[in-house]
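**Student:** Input structure: input35.cif, which contains mmCIF, C-alpha atoms, pLDDT in the B column; chains and numbers go by the auth columns.
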data_entry
#
loop_
_atom_site.group_PDB
_atom_site.id
_atom_site.type_symbol
_atom_site.label_atom_id
_atom_site.label_comp_id
_atom_site.label_asym_id
_atom_site.label_seq_id
_atom_site.Cartn_x
_atom_site.Cartn_y
_atom_site.Cartn_z
_atom_site.B_iso_or_equiv
_atom_site.auth_seq_id
_atom_site.auth_asym_id
ATOM 1 C CA MET A 1 1.990 26.256 75.300 86.00 1 A
ATOM 2 C CA LYS A 2 4.209 23.432 76.495 96.00 2 A
ATOM 3 C CA VAL A 3 8.002 23.583 76.860 98.00 3 A
ATOM 4 C CA ASN A 4 9.423 21.229 74.240 98.00 4 A
ATOM 5 C CA ALA A 5 13.075 22.340 74.387 98.00 5 A
ATOM 6 C CA TYR A 6 15.502 23.903 76.825 98.00 6 A
ATOM 7 C CA LEU A 7 18.443 26.133 76.048 98.00 7 A
ATOM 8 C CA GLU A 8 20.979 25.965 78.871 98.00 8 A
ATOM 9 C CA ILE A 9 23.817 28.475 79.083 97.00 9 A
ATOM 10 C CA THR A 10 26.357 27.675 81.795 98.00 10 A
ATOM 11 C CA MET A 11 28.803 30.416 82.737 97.00 11 A
ATOM 12 C CA LYS A 12 31.811 30.604 85.051 98.00 12 A
ATOM 13 C CA ILE A 13 31.314 33.940 86.804 97.00 13 A
ATOM 14 C CA SER A 14 33.266 35.073 89.858 96.00 14 A
ATOM 15 C CA GLU A 15 31.408 36.184 92.958 95.00 15 A
ATOM 16 C CA ALA A 16 32.415 39.804 92.270 96.00 16 A
ATOM 17 C CA ASN A 17 30.838 39.744 88.790 97.00 17 A
ATOM 18 C CA ARG A 18 27.602 37.962 89.685 96.00 18 A
ATOM 19 C CA PRO A 19 25.616 41.132 90.485 95.00 19 A
ATOM 20 C CA ALA A 20 26.401 42.508 86.999 95.00 20 A
ATOM 21 C CA ALA A 21 25.383 39.209 85.395 95.00 21 A
ATOM 22 C CA ALA A 22 22.154 39.119 87.426 95.00 22 A
ATOM 23 C CA LYS A 23 21.355 42.633 86.206 95.00 23 A
ATOM 24 C CA VAL A 24 21.682 41.521 82.568 96.00 24 A
ATOM 25 C CA TYR A 25 19.355 38.598 83.339 96.00 25 A
ATOM 26 C CA ALA A 26 16.800 40.888 85.015 96.00 26 A
ATOM 27 C CA ASP A 27 16.997 43.542 82.279 96.00 27 A
ATOM 28 C CA TYR A 28 16.305 41.088 79.440 96.00 28 A
ATOM 29 C CA ARG A 29 14.003 38.500 81.041 97.00 29 A
ATOM 30 C CA GLY A 30 10.836 40.445 80.211 97.00 30 A
ATOM 31 C CA PRO A 31 11.811 41.407 76.661 97.00 31 A
ATOM 32 C CA PHE A 32 12.944 37.806 76.040 97.00 32 A
ATOM 33 C CA LEU A 33 9.573 36.394 77.089 98.00 33 A
ATOM 34 C CA GLU A 34 7.638 39.083 75.195 97.00 34 A
ATOM 35 C CA GLN A 35 9.628 39.346 71.959 97.00 35 A
ATOM 36 C CA ILE A 36 11.438 36.075 71.200 98.00 36 A
ATOM 37 C CA GLU A 37 9.371 33.678 69.137 98.00 37 A
ATOM 38 C CA GLY A 38 8.605 30.466 70.995 98.00 38 A
ATOM 39 C CA ALA A 39 10.052 31.665 74.333 98.00 39 A
ATOM 40 C CA LEU A 40 8.072 30.347 77.308 98.00 40 A
ATOM 41 C CA THR A 41 10.289 30.467 80.417 98.00 41 A
ATOM 42 C CA LYS A 42 13.612 31.843 81.628 98.00 42 A
ATOM 43 C CA GLU A 43 15.220 30.962 84.967 97.00 43 A
ATOM 44 C CA LEU A 44 18.482 31.977 86.647 96.00 44 A
ATOM 45 C CA LEU A 45 20.199 29.130 88.504 96.00 45 A
ATOM 46 C CA VAL A 46 23.137 29.988 90.769 94.00 46 A
ATOM 47 C CA ARG A 47 25.560 27.434 92.179 94.00 47 A
ATOM 48 C CA ASP A 48 28.921 27.907 93.885 93.00 48 A
ATOM 49 C CA GLU A 49 30.741 26.644 90.792 94.00 49 A
ATOM 50 C CA ASP A 50 28.739 28.389 88.051 96.00 50 A
ATOM 51 C CA VAL A 51 25.670 30.313 86.940 96.00 51 A
ATOM 52 C CA GLN A 52 23.134 28.875 84.516 97.00 52 A
ATOM 53 C CA VAL A 53 20.326 30.444 82.586 97.00 53 A
ATOM 54 C CA LEU A 54 17.682 27.932 81.577 98.00 54 A
ATOM 55 C CA HIS A 55 15.383 29.041 78.747 98.00 55 A
ATOM 56 C CA GLY A 56 12.221 27.111 77.876 98.00 56 A
ATOM 57 C CA PHE A 57 11.000 27.111 74.268 98.00 57 A
ATOM 58 C CA ASP A 58 8.162 25.562 72.328 98.00 58 A
ATOM 59 C CA SER A 59 10.654 23.977 69.874 98.00 59 A
ATOM 60 C CA VAL A 60 14.337 23.216 69.338 98.00 60 A
ATOM 61 C CA GLU A 61 14.220 25.426 66.240 98.00 61 A
ATOM 62 C CA HIS A 62 13.137 28.464 68.258 98.00 62 A
ATOM 63 C CA ALA A 63 15.873 27.789 70.839 98.00 63 A
ATOM 64 C CA GLN A 64 18.484 27.710 68.064 98.00 64 A
ATOM 65 C CA ALA A 65 17.042 30.833 66.459 98.00 65 A
ATOM 66 C CA TYR A 66 17.354 32.764 69.725 98.00 66 A
ATOM 67 C CA LEU A 67 21.130 32.219 69.704 97.00 67 A
ATOM 68 C CA GLU A 68 21.211 34.011 66.341 96.00 68 A
ATOM 69 C CA SER A 69 18.800 36.775 67.337 97.00 69 A
ATOM 70 C CA GLN A 70 19.715 40.435 67.581 96.00 70 A
ATOM 71 C CA MET A 71 18.699 40.495 71.260 96.00 71 A
ATOM 72 C CA PHE A 72 21.107 37.694 72.119 96.00 72 A
ATOM 73 C CA SER A 73 24.070 38.817 70.019 95.00 73 A
ATOM 74 C CA ASP A 74 23.820 42.595 70.474 94.00 74 A
ATOM 75 C CA ASP A 75 22.450 42.890 74.013 94.00 75 A
ATOM 76 C CA VAL A 76 22.649 39.779 76.190 95.00 76 A
ATOM 77 C CA PHE A 77 25.988 38.475 74.886 93.00 77 A
ATOM 78 C CA VAL A 78 27.605 41.923 74.979 93.00 78 A
ATOM 79 C CA GLY A 79 26.311 42.540 78.514 94.00 79 A
ATOM 80 C CA LEU A 80 27.432 39.187 79.900 95.00 80 A
ATOM 81 C CA LYS A 81 30.792 38.716 78.180 95.00 81 A
ATOM 82 C CA PRO A 82 32.754 40.993 80.583 96.00 82 A
ATOM 83 C CA THR A 83 31.503 38.908 83.540 96.00 83 A
ATOM 84 C CA TRP A 84 32.800 35.538 82.249 97.00 84 A
ATOM 85 C CA ASP A 85 35.879 33.820 83.613 97.00 85 A
ATOM 86 C CA ALA A 86 35.748 31.352 80.687 97.00 86 A
ATOM 87 C CA ASP A 87 33.698 30.813 77.540 96.00 87 A
ATOM 88 C CA PRO A 88 30.179 29.628 78.380 97.00 88 A
ATOM 89 C CA GLU A 89 28.806 26.192 77.614 97.00 89 A
ATOM 90 C CA VAL A 90 25.673 26.301 75.454 97.00 90 A
ATOM 91 C CA ARG A 91 23.411 23.276 75.114 98.00 91 A
ATOM 92 C CA ILE A 92 19.955 22.656 73.699 98.00 92 A
ATOM 93 C CA TYR A 93 17.897 19.770 75.010 98.00 93 A
ATOM 94 C CA PRO A 94 14.698 18.495 73.421 98.00 94 A
ATOM 95 C CA VAL A 95 12.040 17.429 75.924 97.00 95 A
ATOM 96 C CA VAL A 96 11.127 13.777 75.571 93.00 96 A
ATOM 97 C CA ALA A 97 7.578 13.032 76.653 76.00 97 A
#
Output the file's structure as C-alpha coordinates, nothing else.
**Tutor:**
Amino acid sequence: MKVNAYLEITMKISEANRPAAAKVYADYRGPFLEQIEGALTKELLVRDEDVQVLHGFDSVEHAQAYLESQMFSDDVFVGLKPTWDADPEVRIYPVVA
(Lines of atoms letter the chains of each structure in order from A and count residues from 1; the text may use other names and numbers.)
(Lines give C-alpha, C1' and ligand atoms only; values in the text may rest on other atoms or scores of the structure.)
Protein backbone atom coordinates (compact mmCIF):
# COMPACT_ATOMS: atom_id res chain seq x y z
CA MET A 1 0.00 0.00 0.00
CA LYS A 2 1.01 3.60 -0.60
CA VAL A 3 1.10 6.35 2.03
CA ASN A 4 -1.63 8.82 1.09
CA ALA A 5 -1.74 10.82 4.34
CA TYR A 6 0.53 11.75 7.22
CA LEU A 7 -0.44 12.43 10.80
CA GLU A 8 2.19 14.60 12.47
CA ILE A 9 2.22 15.08 16.23
CA THR A 10 4.73 17.66 17.42
CA MET A 11 5.52 17.74 21.13
CA LYS A 12 7.61 20.00 23.36
CA ILE A 13 9.42 17.52 25.60
CA SER A 14 12.33 18.41 27.87
CA GLU A 15 15.56 16.47 27.61
CA ALA A 16 14.83 14.79 30.96
CA ASN A 17 11.47 13.45 29.73
CA ARG A 18 12.59 12.26 26.29
CA PRO A 19 13.55 8.72 27.39
CA ALA A 20 10.03 8.19 28.80
CA ALA A 21 8.48 9.52 25.58
CA ALA A 22 10.73 7.28 23.47
CA LYS A 23 9.60 4.29 25.53
CA VAL A 24 5.94 5.06 24.75
CA TYR A 25 6.86 5.30 21.06
CA ALA A 26 8.73 1.97 21.16
CA ASP A 27 6.01 0.20 23.16
CA TYR A 28 3.21 1.14 20.75
CA ARG A 29 4.95 1.22 17.35
CA GLY A 30 4.36 -2.48 16.69
CA PRO A 31 0.76 -2.60 17.90
CA PHE A 32 0.03 0.60 15.92
CA LEU A 33 1.31 -0.93 12.68
CA GLU A 34 -0.42 -4.27 13.34
CA GLN A 35 -3.79 -3.14 14.72
CA ILE A 36 -4.70 0.33 13.43
CA GLU A 37 -6.62 0.25 10.18
CA GLY A 38 -4.74 1.91 7.34
CA ALA A 39 -1.51 2.39 9.34
CA LEU A 40 1.59 1.96 7.17
CA THR A 41 4.54 3.72 8.85
CA LYS A 42 5.51 5.37 12.13
CA GLU A 43 8.72 7.35 12.67
CA LEU A 44 10.17 9.22 15.66
CA LEU A 45 11.88 12.49 14.73
CA VAL A 46 13.93 14.26 17.41
CA ARG A 47 15.14 17.84 17.15
CA ASP A 48 16.61 20.14 19.80
CA GLU A 49 13.38 22.15 19.92
CA ASP A 50 10.80 19.34 19.79
CA VAL A 51 9.93 15.71 19.16
CA GLN A 52 7.69 14.62 16.31
CA VAL A 53 5.98 11.37 15.55
CA LEU A 54 5.14 11.00 11.88
CA HIS A 55 2.49 8.38 11.07
CA GLY A 56 1.84 7.24 7.50
CA PHE A 57 -1.67 6.11 6.54
CA ASP A 58 -3.41 4.90 3.43
CA SER A 59 -6.05 7.67 3.78
CA VAL A 60 -6.86 10.89 5.62
CA GLU A 61 -9.92 9.16 7.07
CA HIS A 62 -7.81 6.46 8.72
CA ALA A 63 -5.44 9.10 10.13
CA GLN A 64 -8.40 10.95 11.67
CA ALA A 65 -9.87 7.71 12.99
CA TYR A 66 -6.62 6.86 14.79
CA LEU A 67 -6.92 10.04 16.87
CA GLU A 68 -10.26 8.72 18.13
CA SER A 69 -9.08 5.14 18.65
CA GLN A 70 -8.87 3.42 22.01
CA MET A 71 -5.13 2.84 21.54
CA PHE A 72 -4.47 6.54 21.06
CA SER A 73 -6.77 7.89 23.77
CA ASP A 74 -6.27 5.23 26.46
CA ASP A 75 -2.64 4.22 25.93
CA VAL A 76 -0.50 6.56 23.82
CA PHE A 77 -2.05 9.84 24.99
CA VAL A 78 -2.05 8.77 28.64
CA GLY A 79 1.57 7.61 28.40
CA LEU A 80 2.85 10.74 26.69
CA LYS A 81 0.89 13.47 28.48
CA PRO A 82 3.16 13.57 31.58
CA THR A 83 6.18 14.19 29.32
CA TRP A 84 4.78 17.31 27.59
CA ASP A 85 5.90 20.83 28.39
CA ALA A 86 2.98 22.19 26.33
CA ASP A 87 -0.02 20.83 24.44
CA PRO A 88 1.06 19.03 21.27
CA GLU A 89 0.37 20.23 17.75
CA VAL A 90 -1.55 17.69 15.67
CA ARG A 91 -1.75 17.98 11.90
CA ILE A 92 -2.92 15.72 9.09
CA TYR A 93 -1.48 16.17 5.62
CA PRO A 94 -2.85 14.52 2.49
CA VAL A 95 -0.17 13.39 0.04
CA VAL A 96 -0.48 15.10 -3.32
CA ALA A 97 0.85 13.00 -6.17
**Student:** Run the PyMOL selection byres ((chain A and resi 4-8) around 9) mentally over the shown coordinates, then write out the matched residues as a PyMOL selection string, using the chain letters and numbers from the document.
**Tutor:** chain A and resi 2-3+9-10+52-64+89-97
**Student:** Could you jot down the atom CA of Trp84 of chain A to atom CA of Glu68 of chain A separation for me, Å, one decimal place?
**Tutor:**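 It comes out at 19.7 Å.
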**Student:** What is the distance, in Å and to one decimal place, between atom CA of Ile13 of chain A and atom CA of Leu45 of chain A?
**Tutor:** 12.2 Å
**Student:** Give the answer as one residue: which of A:Met11, A:Ala16, A:Leu44, A:Met71 has the shortest atom-to-atom distance to Pro31 of chain A, using all atoms listed in the file?
**Tutor:**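 Using all atoms listed in the file, the shortest distance to Pro31 of chain A belongs to A:Met71.
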**Student:** Just so the selection is clear, what residues does the PyMOL selection byres ((chain A and resi 79) around 12) cover here, as a list in words?
**Tutor:**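 Applying the expression gives Asn17, Ala20, Ala21, Ala22, Lys23, Val24, Tyr25, Ala26, Asp27, Tyr28, Met71, Phe72, Ser73, Asp74, Asp75, Val76, Phe77, Val78, Leu80, Lys81, Pro82, Thr83 and Trp84 of chain A.
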**Student:** Can you measure atom CA of Met1 of chain A to atom CA of Thr41 of chain A for me? One decimal in Å is fine.
**Tutor:**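 So the two atoms, atom CA of Met1 of chain A and atom CA of Thr41 of chain A, lie 10.6 Å apart.
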**Student:** Using the chain letters and numbering of this document, enumerate as a list in words the residues selected by the PyMOL selection byres ((chain A and resi 49) around 9).
**Tutor:**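 Applying the expression gives Lys12, Ile13, Ser14, Val46, Arg47, Asp48, Asp50 and Val51 of chain A.
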**Student:** To test the calculation: enclose all listed atoms of segment 39-53 of chain A in a box whose edges run along x, y and z, add 6 Å on each side, then state centre and edge lengths in Å to one decimal, as lines of an AutoDock Vina configuration file.
**Tutor:**
center_x = 19.4
center_y = 29.3
center_z = 84.1
size_x = 34.7
size_y = 17.3
size_z = 31.6
